[in-house]
Amino acid sequence: MEPFALPDFYLPYPARRNPHEEHARRHSDEWAAKMGMLDAYGPGGNLVWDQAKLSANDYALMCAYTHPDCDETMLDLITDWYVWVFFFDDHFLDLFKYTGDMVGAKAYLDRLDLFMTAPGELPPEPENPAEAGLADLWARTIPMMSDGWRERFTASTHNLMVESMWELDNINRHRIANPMEYVEMRRRVGGAPWSANLVECAVGAEVPDRLAALRPLRVLRDTFADAVHLRNDIFSYQREVTEEGENSNAILVLETFLGVDTQEAAELTNSLVTSRLQQFENTALVEIPHMLVEHAVAPHDQVAVGLYTKGLQDWQAGGHEWHARSSRYMNSTAGTTAPLLGGPTGLGTSGLRITPGTLGIPRRQAQHLDVPVSRAVGHLPLPDFYMPFPFAVSPHLGAARRHGERWCEAMGMFDPVPGVAGGRLWDAARFEAYDLAYCAAMIHHRADPEALDLSTDWLSWGTYGDDLFPALYGHRGDLVGAKAQNARLTLFMPLDLGPTPEPVTPVERGLADLWRRTAGPMAMPARRQFLDAVTSMTESWIWELVNQVQNRVPDPVDYVEMRRATFGSDLTMGLCRIGHGDLVPAEIYQNRVMRQLDNSAQDYACFVNDVFSYQKEIEFGGDFHNIVYVMENFLGADRLRARDVVNDLMTERMRQFEHIVEEELPAMFEDLALSGEVRAVLANYAEELKDWMSGILEWHRKVDRYRPEWLAAEYGAPVPPLFVPPAPTGLGTSATRIGAGHRQ
């Protein structure tokens, strides 16, 4: 009995098959035997793999579908990599997931790291098939790739191995992750970023190092990873959850979190696969070309990015085809990627073909045909927020309020803004109603007067900029002007604190002043990190405008990840870290525990803002960048149901934060053998995050900025919508327009 019927998949690209498949199959069978993978026993005396199991899984078929264009030698290498990674997963499962041996698991993973050597280093002698396979593959792969690629591949290989400890810990605790945590961690443990690195190797085109970390390529990789992993969760649910008792599966996560049956959870998971694939397409066709132009990318590097993108596309189509055929998965009713009708193929042509997976049509409409109009949604009734931490207020609040008003006035933030409706963005009365000093006095209540003034000014500057960009550029769709202003902002943050241009706008003037006051006392690594935090926030303002121009409502994953930036989370948290100096090594903050500590706190605070600001943004701002609205759109739910889902997410994130502080943070201290001084700094940082969350919630409860009566008095009536592109005209465009009043 299959636990659910497979959903209709969005299948935009036909799968193709490499002609060297049979050679790769013979080669990989011989290679697996040579590495000892067919002679490895689990704790119960059972063989982890035998030839029959290897043949049934047919990794050569998988690689022939996912890498259809590489030559015989390269296909052999790629197939061996996948044989190794699946053997590692099954071997680790047998040795440690069933026994719960955390100590042995860590020792096993620590040794595997030793086989990912830099040039000139020698690995130890292998002691098991996983080590032997990795040593062989590393020696065959690394010499043909650059140092930059090796570093990225080392990181992704390390992640897929070491984050298996996260899965093991959840199994031992009988804990099912919350949806946001699951997507984040699945990327690391699931291996698709690792697969994306291998695509570069297979197509013989590396992504240039200077582009690899930019948002378009980051999103391309992440959407690829999410679609691969979530699709795998649909096909593997029966084996992993029903038969093997694992709890790391998206369908199980949604069943548990939303309280729905397995079939509905599978359909929702598939909807997320669809939205991730369609964001992949949007990124490839919209953001990637802009990136290539804006960064003046050389022609040969443009070709490399194109081949990489096409390689990821081939992997998606081929991966589905393999899942639909492999005996490893539940697939008796799976569709294929072959089009029912002839027609064009390739990136961007999916909308011109009809495939067995039709779910992509309504999902794309839900994201892109939602014309933003202001509507009288009214005040969103507030839920009962879970907040276990008390708030405290700085004794310097009064002085900070007076300073903040003087500073904003001096920067020109109360001046009229040409191009903004009514000519007014802020004035002294609005600033008083926002009471940003009150927020600063709670999130940094331990700060001295000077530091509290600095925190108040950063909150004022960030809020002013966040209000300015949609008001000045969004309503007229002026992406060029917005990008020009954003590009100028970087000129006022020189790492060497050198000269800057003369600021000509309040947002420039404020940033120039704040950068000198903040970056001056910082060491260079901290200064660079803080620059990244500010830049991340300012670039996120452009992301919102791009969505508005496209009428694109982001899916939940894209929204949550970008919301941390638009809220300025890293910036305000970075102010907490100023006092850490160089005491805490930078890599500590990249540890999974610290990242999850930050992300859980950030998501809670961001969602607080979205719940309180729902009416302000939807009714008076004509905007759709709000997690409640995003959930309405994705789930097809009303606003009250969407609000409750958001509140449940907040509660889960807060409980995760509590668990990390109580259990995982002390364990990390021991695991990394941190000094007492570093432990004290990080423990205090966790306390500051408690202040940050409780202060943000209390500020929203007290200020006028989101109160319905203040909004009605201040704005009078809903404002016109943010930029609405003109409807297309001409032959064949009638189906792309929406009649009056039609809204998702």
# chains A, B, ... in the order shown; residues from 1 in each chain; ligands from 1

$ closest_atom_pairs --of "stretch 130-181 of chain A" --to "stretch 646-657 of chain A" --cutoff "9 Å" --atoms "only C-alpha atoms" --output "JSON lines"
{"residue": "A:Ala177", "atom": "CA", "partner": "A:Gln656", "partner_atom": "CA", "distance": 8.9}
{"residue": "A:Asn178", "atom": "CA", "partner": "A:Glu652", "partner_atom": "CA", "distance": 6.4}
{"residue": "A:Pro179", "atom": "CA", "partner": "A:Leu649", "partner_atom": "CA", "distance": 8.0}
{"residue": "A:Met180", "atom": "CA", "partner": "A:Leu649", "partner_atom": "CA", "distance": 8.2}
{"residue": "A:Glu181", "atom": "CA", "partner": "A:Arg653", "partner_atom": "CA", "distance": 8.3}

$ write_last_selection --atoms "N, CA and C atoms" --output "tab-separated table (two decimals), in the first residue's frame"
chain	number	residue	atom	x	y	z
A	177	ALA	N	11.64	18.57	12.61
A	177	ALA	CA	12.02	19.97	12.45
A	177	ALA	C	10.83	20.82	12.04
A	178	ASN	N	10.93	22.13	12.31
A	178	ASN	CA	9.91	23.05	11.79
A	178	ASN	C	10.22	23.32	10.31
A	179	PRO	N	9.24	23.79	9.54
A	179	PRO	CA	9.45	23.90	8.09
A	179	PRO	C	10.63	24.76	7.67
A	180	MET	N	10.84	25.91	8.32
A	180	MET	CA	11.94	26.79	7.90
A	180	MET	C	13.29	26.16	8.21
A	181	GLU	N	13.41	25.60	9.40
A	181	GLU	CA	14.65	24.90	9.75
A	181	GLU	C	14.90	23.76	8.79

$ closest_residue --among "A:Gln615, A:Gln238, A:Gln529, A:Ser540" --to "A:Ala5" --atoms "only C-alpha atoms"
A:Gln238

$ closest_residue --among "A:Gly419, A:Gly520, A:Gly622, A:Pro449" --to "A:Leu497" --atoms "only C-alpha atoms"
A:Gly520

$ residues_around --residues "A:Arg516" --least-positions-apart "3" --cutoff "10 Å" --atoms "only C-alpha atoms" --output "list of chain:residue names"
A:Phe492, A:Met493, A:Pro494, A:Leu497, A:Gly498, A:Leu511, A:Ala512, A:Asp513, A:Ala519, A:Gly520, A:Pro521

$ atom_distance --atom1 "atom CA of A:Asn270" --atom2 "atom CA of A:Gly636"
14.6 Å

$ decode --residues "stretch 94-105 of chain A" --atoms "N, CA and C atoms" --output "mmCIF file, in the first residue's frame"
data_model
loop_
_atom_site.group_PDB
_atom_site.id
_atom_site.type_symbol
_atom_site.label_atom_id
_atom_site.label_comp_id
_atom_site.auth_asym_id
_atom_site.auth_seq_id
_atom_site.Cartn_x
_atom_site.Cartn_y
_atom_site.Cartn_z
ATOM 1 N N ASP A 94 23.302 2.734 8.627
ATOM 2 C CA ASP A 94 23.429 1.433 9.297
ATOM 3 C C ASP A 94 24.279 1.516 10.555
ATOM 4 N N LEU A 95 25.384 2.263 10.473
ATOM 5 C CA LEU A 95 26.319 2.281 11.596
ATOM 6 C C LEU A 95 25.835 3.126 12.764
ATOM 7 N N PHE A 96 25.149 4.242 12.459
ATOM 8 C CA PHE A 96 24.919 5.224 13.525
ATOM 9 C C PHE A 96 23.478 5.678 13.703
ATOM 10 N N LYS A 97 22.710 5.791 12.626
ATOM 11 C CA LYS A 97 21.354 6.301 12.793
ATOM 12 C C LYS A 97 20.487 5.317 13.570
ATOM 13 N N TYR A 98 20.688 4.028 13.355
ATOM 14 C CA TYR A 98 19.887 3.036 14.073
ATOM 15 C C TYR A 98 20.398 2.805 15.486
ATOM 16 N N THR A 99 21.690 3.002 15.692
ATOM 17 C CA THR A 99 22.267 2.734 17.016
ATOM 18 C C THR A 99 22.291 3.973 17.905
ATOM 19 N N GLY A 100 22.204 5.180 17.296
ATOM 20 C CA GLY A 100 22.255 6.404 18.083
ATOM 21 C C GLY A 100 23.631 6.719 18.641
ATOM 22 N N ASP A 101 24.670 6.153 18.031
ATOM 23 C CA ASP A 101 26.040 6.327 18.532
ATOM 24 C C ASP A 101 26.594 7.663 18.041
ATOM 25 N N MET A 102 26.348 8.739 18.800
ATOM 26 C CA MET A 102 26.762 10.079 18.394
ATOM 27 C C MET A 102 28.284 10.229 18.409
ATOM 28 N N VAL A 103 28.934 9.636 19.388
ATOM 29 C CA VAL A 103 30.394 9.743 19.496
ATOM 30 C C VAL A 103 31.063 9.057 18.307
ATOM 31 N N GLY A 104 30.624 7.843 18.015
ATOM 32 C CA GLY A 104 31.181 7.123 16.874
ATOM 33 C C GLY A 104 30.897 7.824 15.560
ATOM 34 N N ALA A 105 29.702 8.418 15.444
ATOM 35 C CA ALA A 105 29.339 9.128 14.217
ATOM 36 C C ALA A 105 30.256 10.323 13.990
#
